[in-house]
Amino acid sequence: MPERRTVALVTLGCARNEVDSEELAGRLEADGWQLVEDAEAADVAVVNTCGFVEAAKKDSVDALLEANDLKAQGRTQAVVAVGCMAERYGKELAEALPEADGVLGFDDYADISDRLQTILGGGIHASHTPRDRRKLLPISPAERQDSAVALPGHAQEPAAAPADLPDGLAPASGPRAPLRRRLGTSPVASVKLASGCDRRCSFCAIPSFRGSFISRRPSDVLQETRWLAGQGVKEIMLVSENNTSYGKDLGDIRLLETLLPELAEVDGIERVRVSYLQPAEMRPGLIDVLTSTPKVAPYFDLSFQHSAPGVLRAMRRFGDTDRFLGLLEQIRAKAPEAGVRSNFIVGFPGESEADVAELERFLTGARLDAIGVFGYSDEDGTEAAGYEGKLPEEEVAERLARVSRLAEELVSQRADERVGETVEVLVEFVDEEEGAVGRAAHQAPETDGQILFTSGADLTPGRMVVAKVVGTEGVDLVAEPLHLIEEAGR
């Protein structure tokens, strides 16, 4: 019997990329590949790249070059780029980075096994020519569901898939069953709610390479969640480019409000979290569900980006400081403990000192739990790249440092406000140095702070614990465990 081919997936970027990697892993294992954790132990290293901002692109290139260095050691035979950067630049990336043995776009995902086998055998698979993926779907959202367009992370397989799939591989038990292989043991997993975006923010290139917005069917999301629960997952995080648009192409813009309680009732799931919400699309009914449904985290990942109205209009966005503060008041009137995070861009073309002061006014009044601040830089193919009024790099850097200092101070103050709160914490890991570490409902993975327990007795990953916040370490909270939550009693 021939030795099984080995493949390692190296994932960069956001949670959406992590879901895409697990789809690729599922497809590869179903076709006989052996998944290994480390690239140096693999015949093929597949690097799932990020193409969002310059820093992420640099990280992706560095990861590809690092994987290529392994070929000199004799074990790794091929390095292949997939993901957003590969999709966005295609042949251009292949020409600029000859160290990569293949650059595969989203349309290659369904045939990933054949593509890797061709490359491993010394063949050449032509890198794709990038195209605006928004043009691949109908303009009308209602006509998109039956379009045959590659949607990474949706992982829909026919019901006729073999019944004897390897352990840990999602079974095909329905007409649109998931095909996914977990690449870790975390009690938290992301689930794709939709792909693409119909918004046209002037600074963002994502819709051009991720395409127009298209929802997954609720049955697909539920089925995948049930499978993840069977794999030991306790918290799911719903991800997409814009979760507040979910259901508009299925004929019901309020579909998320009905789906969330169903997901919360899945056996084994202890927490459901929704990421990336658009402030301009928030609805009273959605706020109600997010703040009052058992097991649904009262968590609001709101994409404000700025608060000065002139800057927001130049960004092709809506709102202003007072409207945003009013939205936060609505949320906290229903759930005073709700977690809120957001990202902001400073140094946007035409931004004045008065605009920066307006943003600082908003940040000071918003009481956000986590704040990301980024300095503006041109992105290929975006409207803003052609704007006049560009600020000098040193001025953008100065504003970035100034607002970042304020943000750090404010999130520390917000953490201090939570001292004395009783929180439900999902334990994520326990080790000898850090002890037990988890997250409360107001803390999302990777982007926000953590709960550091004062003691780790009886705490194991995946358990839900009631704890009292007794201190802070910057944005992190220190908490004393009170008692474990019995799943059967919830």
# chains A, B, ... in the order shown; residues from 1 in each chain; ligands from 1

$ residues_around --residues "Ala42 in chain A" --least-positions-apart "4" --cutoff "6 Å" --atoms "only C-alpha atoms" --output "VMD selection string"
chain A and resid 6 to 8 76

$ select_by_dssp --residues "range 219-395 of chain A" --states "strand (DSSP E or B)" --output "PDB file with N, CA and C atoms, in the first residue's frame"
ATOM      1  N   GLU A 235     -18.536  26.777  22.104  1.00  0.00           N
ATOM      2  CA  GLU A 235     -18.929  28.113  21.644  1.00  0.00           C
ATOM      3  C   GLU A 235     -18.738  28.205  20.142  1.00  0.00           C
ATOM      4  N   ILE A 236     -19.745  28.698  19.458  1.00  0.00           N
ATOM      5  CA  ILE A 236     -19.596  28.982  18.038  1.00  0.00           C
ATOM      6  C   ILE A 236     -19.641  30.496  17.830  1.00  0.00           C
ATOM      7  N   MET A 237     -18.832  30.955  16.896  1.00  0.00           N
ATOM      8  CA  MET A 237     -18.834  32.359  16.524  1.00  0.00           C
ATOM      9  C   MET A 237     -19.241  32.465  15.065  1.00  0.00           C
ATOM     10  N   LEU A 238     -20.328  33.159  14.810  1.00  0.00           N
ATOM     11  CA  LEU A 238     -20.829  33.330  13.447  1.00  0.00           C
ATOM     12  C   LEU A 238     -20.027  34.419  12.757  1.00  0.00           C
ATOM     13  N   VAL A 239     -19.441  34.087  11.609  1.00  0.00           N
ATOM     14  CA  VAL A 239     -18.561  35.020  10.914  1.00  0.00           C
ATOM     15  C   VAL A 239     -19.016  35.223   9.473  1.00  0.00           C
ATOM     16  N   ARG A 271     -22.517  28.610  24.155  1.00  0.00           N
ATOM     17  CA  ARG A 271     -22.522  30.040  23.835  1.00  0.00           C
ATOM     18  C   ARG A 271     -22.499  30.237  22.331  1.00  0.00           C
ATOM     19  N   VAL A 272     -23.310  31.179  21.865  1.00  0.00           N
ATOM     20  CA  VAL A 272     -23.338  31.579  20.456  1.00  0.00           C
ATOM     21  C   VAL A 272     -22.953  33.052  20.397  1.00  0.00           C
ATOM     22  N   ARG A 273     -21.986  33.363  19.545  1.00  0.00           N
ATOM     23  CA  ARG A 273     -21.497  34.736  19.435  1.00  0.00           C
ATOM     24  C   ARG A 273     -21.622  35.193  17.978  1.00  0.00           C
ATOM     25  N   VAL A 274     -21.999  36.428  17.785  1.00  0.00           N
ATOM     26  CA  VAL A 274     -22.113  36.997  16.444  1.00  0.00           C
ATOM     27  C   VAL A 274     -21.047  38.068  16.273  1.00  0.00           C
ATOM     28  N   LEU A 277     -20.931  43.354  12.930  1.00  0.00           N
ATOM     29  CA  LEU A 277     -22.250  43.947  12.719  1.00  0.00           C
ATOM     30  C   LEU A 277     -22.088  45.370  12.198  1.00  0.00           C
ATOM     31  N   VAL A 296     -26.965  33.116  24.016  1.00  0.00           N
ATOM     32  CA  VAL A 296     -26.481  34.027  22.978  1.00  0.00           C
ATOM     33  C   VAL A 296     -25.758  35.172  23.673  1.00  0.00           C
ATOM     34  N   TYR A 299     -23.064  40.516  22.828  1.00  0.00           N
ATOM     35  CA  TYR A 299     -21.763  40.969  22.324  1.00  0.00           C
ATOM     36  C   TYR A 299     -21.986  41.673  20.997  1.00  0.00           C
ATOM     37  N   PHE A 300     -21.391  42.871  20.852  1.00  0.00           N
ATOM     38  CA  PHE A 300     -21.638  43.688  19.670  1.00  0.00           C
ATOM     39  C   PHE A 300     -20.308  44.122  19.063  1.00  0.00           C
ATOM     40  N   ASP A 301     -19.945  43.448  17.987  1.00  0.00           N
ATOM     41  CA  ASP A 301     -18.744  43.762  17.225  1.00  0.00           C
ATOM     42  C   ASP A 301     -19.175  44.719  16.121  1.00  0.00           C
ATOM     43  N   LEU A 302     -19.200  46.009  16.456  1.00  0.00           N
ATOM     44  CA  LEU A 302     -19.783  47.033  15.584  1.00  0.00           C
ATOM     45  C   LEU A 302     -18.694  47.741  14.776  1.00  0.00           C
ATOM     46  N   GLN A 305     -15.624  52.432  12.378  1.00  0.00           N
ATOM     47  CA  GLN A 305     -14.562  52.940  11.505  1.00  0.00           C
ATOM     48  C   GLN A 305     -14.170  54.392  11.783  1.00  0.00           C
ATOM     49  N   GLY A 339     -20.974  43.455  25.892  1.00  0.00           N
ATOM     50  CA  GLY A 339     -19.642  43.765  25.396  1.00  0.00           C
ATOM     51  C   GLY A 339     -19.732  44.450  24.044  1.00  0.00           C
ATOM     52  N   VAL A 340     -18.897  45.458  23.839  1.00  0.00           N
ATOM     53  CA  VAL A 340     -18.872  46.178  22.565  1.00  0.00           C
ATOM     54  C   VAL A 340     -17.424  46.394  22.162  1.00  0.00           C
ATOM     55  N   ARG A 341     -17.109  46.076  20.925  1.00  0.00           N
ATOM     56  CA  ARG A 341     -15.782  46.346  20.380  1.00  0.00           C
ATOM     57  C   ARG A 341     -15.925  46.987  19.008  1.00  0.00           C
ATOM     58  N   SER A 342     -14.865  47.635  18.536  1.00  0.00           N
ATOM     59  CA  SER A 342     -14.907  48.204  17.192  1.00  0.00           C
ATOM     60  C   SER A 342     -13.488  48.526  16.717  1.00  0.00           C
ATOM     61  N   ASN A 343     -13.379  48.760  15.399  1.00  0.00           N
ATOM     62  CA  ASN A 343     -12.134  49.194  14.771  1.00  0.00           C
ATOM     63  C   ASN A 343     -12.308  50.585  14.185  1.00  0.00           C
ATOM     64  N   PHE A 344     -11.199  51.316  14.084  1.00  0.00           N
ATOM     65  CA  PHE A 344     -11.242  52.687  13.579  1.00  0.00           C
ATOM     66  C   PHE A 344     -10.036  52.947  12.683  1.00  0.00           C
ATOM     67  N   ILE A 345     -10.251  53.783  11.681  1.00  0.00           N
ATOM     68  CA  ILE A 345      -9.185  54.202  10.765  1.00  0.00           C
ATOM     69  C   ILE A 345      -8.913  55.677  11.013  1.00  0.00           C
ATOM     70  N   VAL A 346      -7.651  56.019  11.248  1.00  0.00           N
ATOM     71  CA  VAL A 346      -7.263  57.421  11.378  1.00  0.00           C
ATOM     72  C   VAL A 346      -6.354  57.789  10.214  1.00  0.00           C
ATOM     73  N   ALA A 370     -13.081  46.809  23.701  1.00  0.00           N
ATOM     74  CA  ALA A 370     -11.892  46.566  22.885  1.00  0.00           C
ATOM     75  C   ALA A 370     -11.914  47.526  21.706  1.00  0.00           C
ATOM     76  N   ILE A 371     -10.771  48.086  21.387  1.00  0.00           N
ATOM     77  CA  ILE A 371     -10.666  49.078  20.311  1.00  0.00           C
ATOM     78  C   ILE A 371      -9.450  48.751  19.464  1.00  0.00           C
ATOM     79  N   GLY A 372      -9.665  48.637  18.159  1.00  0.00           N
ATOM     80  CA  GLY A 372      -8.564  48.496  17.229  1.00  0.00           C
ATOM     81  C   GLY A 372      -8.405  49.785  16.440  1.00  0.00           C
ATOM     82  N   VAL A 373      -7.201  50.299  16.346  1.00  0.00           N
ATOM     83  CA  VAL A 373      -6.948  51.547  15.628  1.00  0.00           C
ATOM     84  C   VAL A 373      -5.908  51.281  14.540  1.00  0.00           C
ATOM     85  N   PHE A 374      -6.204  51.725  13.337  1.00  0.00           N
ATOM     86  CA  PHE A 374      -5.316  51.498  12.202  1.00  0.00           C
ATOM     87  C   PHE A 374      -5.076  52.812  11.476  1.00  0.00           C
ATOM     88  N   GLY A 375      -3.848  52.985  11.003  1.00  0.00           N
ATOM     89  CA  GLY A 375      -3.543  54.142  10.175  1.00  0.00           C
ATOM     90  C   GLY A 375      -3.921  53.874   8.732  1.00  0.00           C
TER      91      GLY A 375
END

$ closest_residue --among "A:Arg323, A:His125, A:Arg317, A:Lys468" --to "Ser303 in chain A" --atoms "only C-alpha atoms"
A:Arg317

$ residues_around --residues "Val80 in chain A" --least-positions-apart "6" --cutoff "10 Å" --atoms "only C-alpha atoms" --output "PyMOL selection string"
chain A and resi 9+44-48+64+67-68+86+99-104+115-116+119-120

$ select_by_dssp --residues "range 38-141 of chain A" --states "alpha helix (DSSP H)" --output "VMD selection string"
chain A and resid 54 to 69 84 to 89 91 to 96 112 to 120

$ atom_distance --atom1 "CA of Leu28 in chain A" --atom2 "CA of Lys234 in chain A"
25.7 Å

$ closest_residue --among "A:Leu136, A:Ile214, A:Leu484, A:Ala15" --to "Val188 in chain A" --atoms "only C-alpha atoms"
A:Ala15
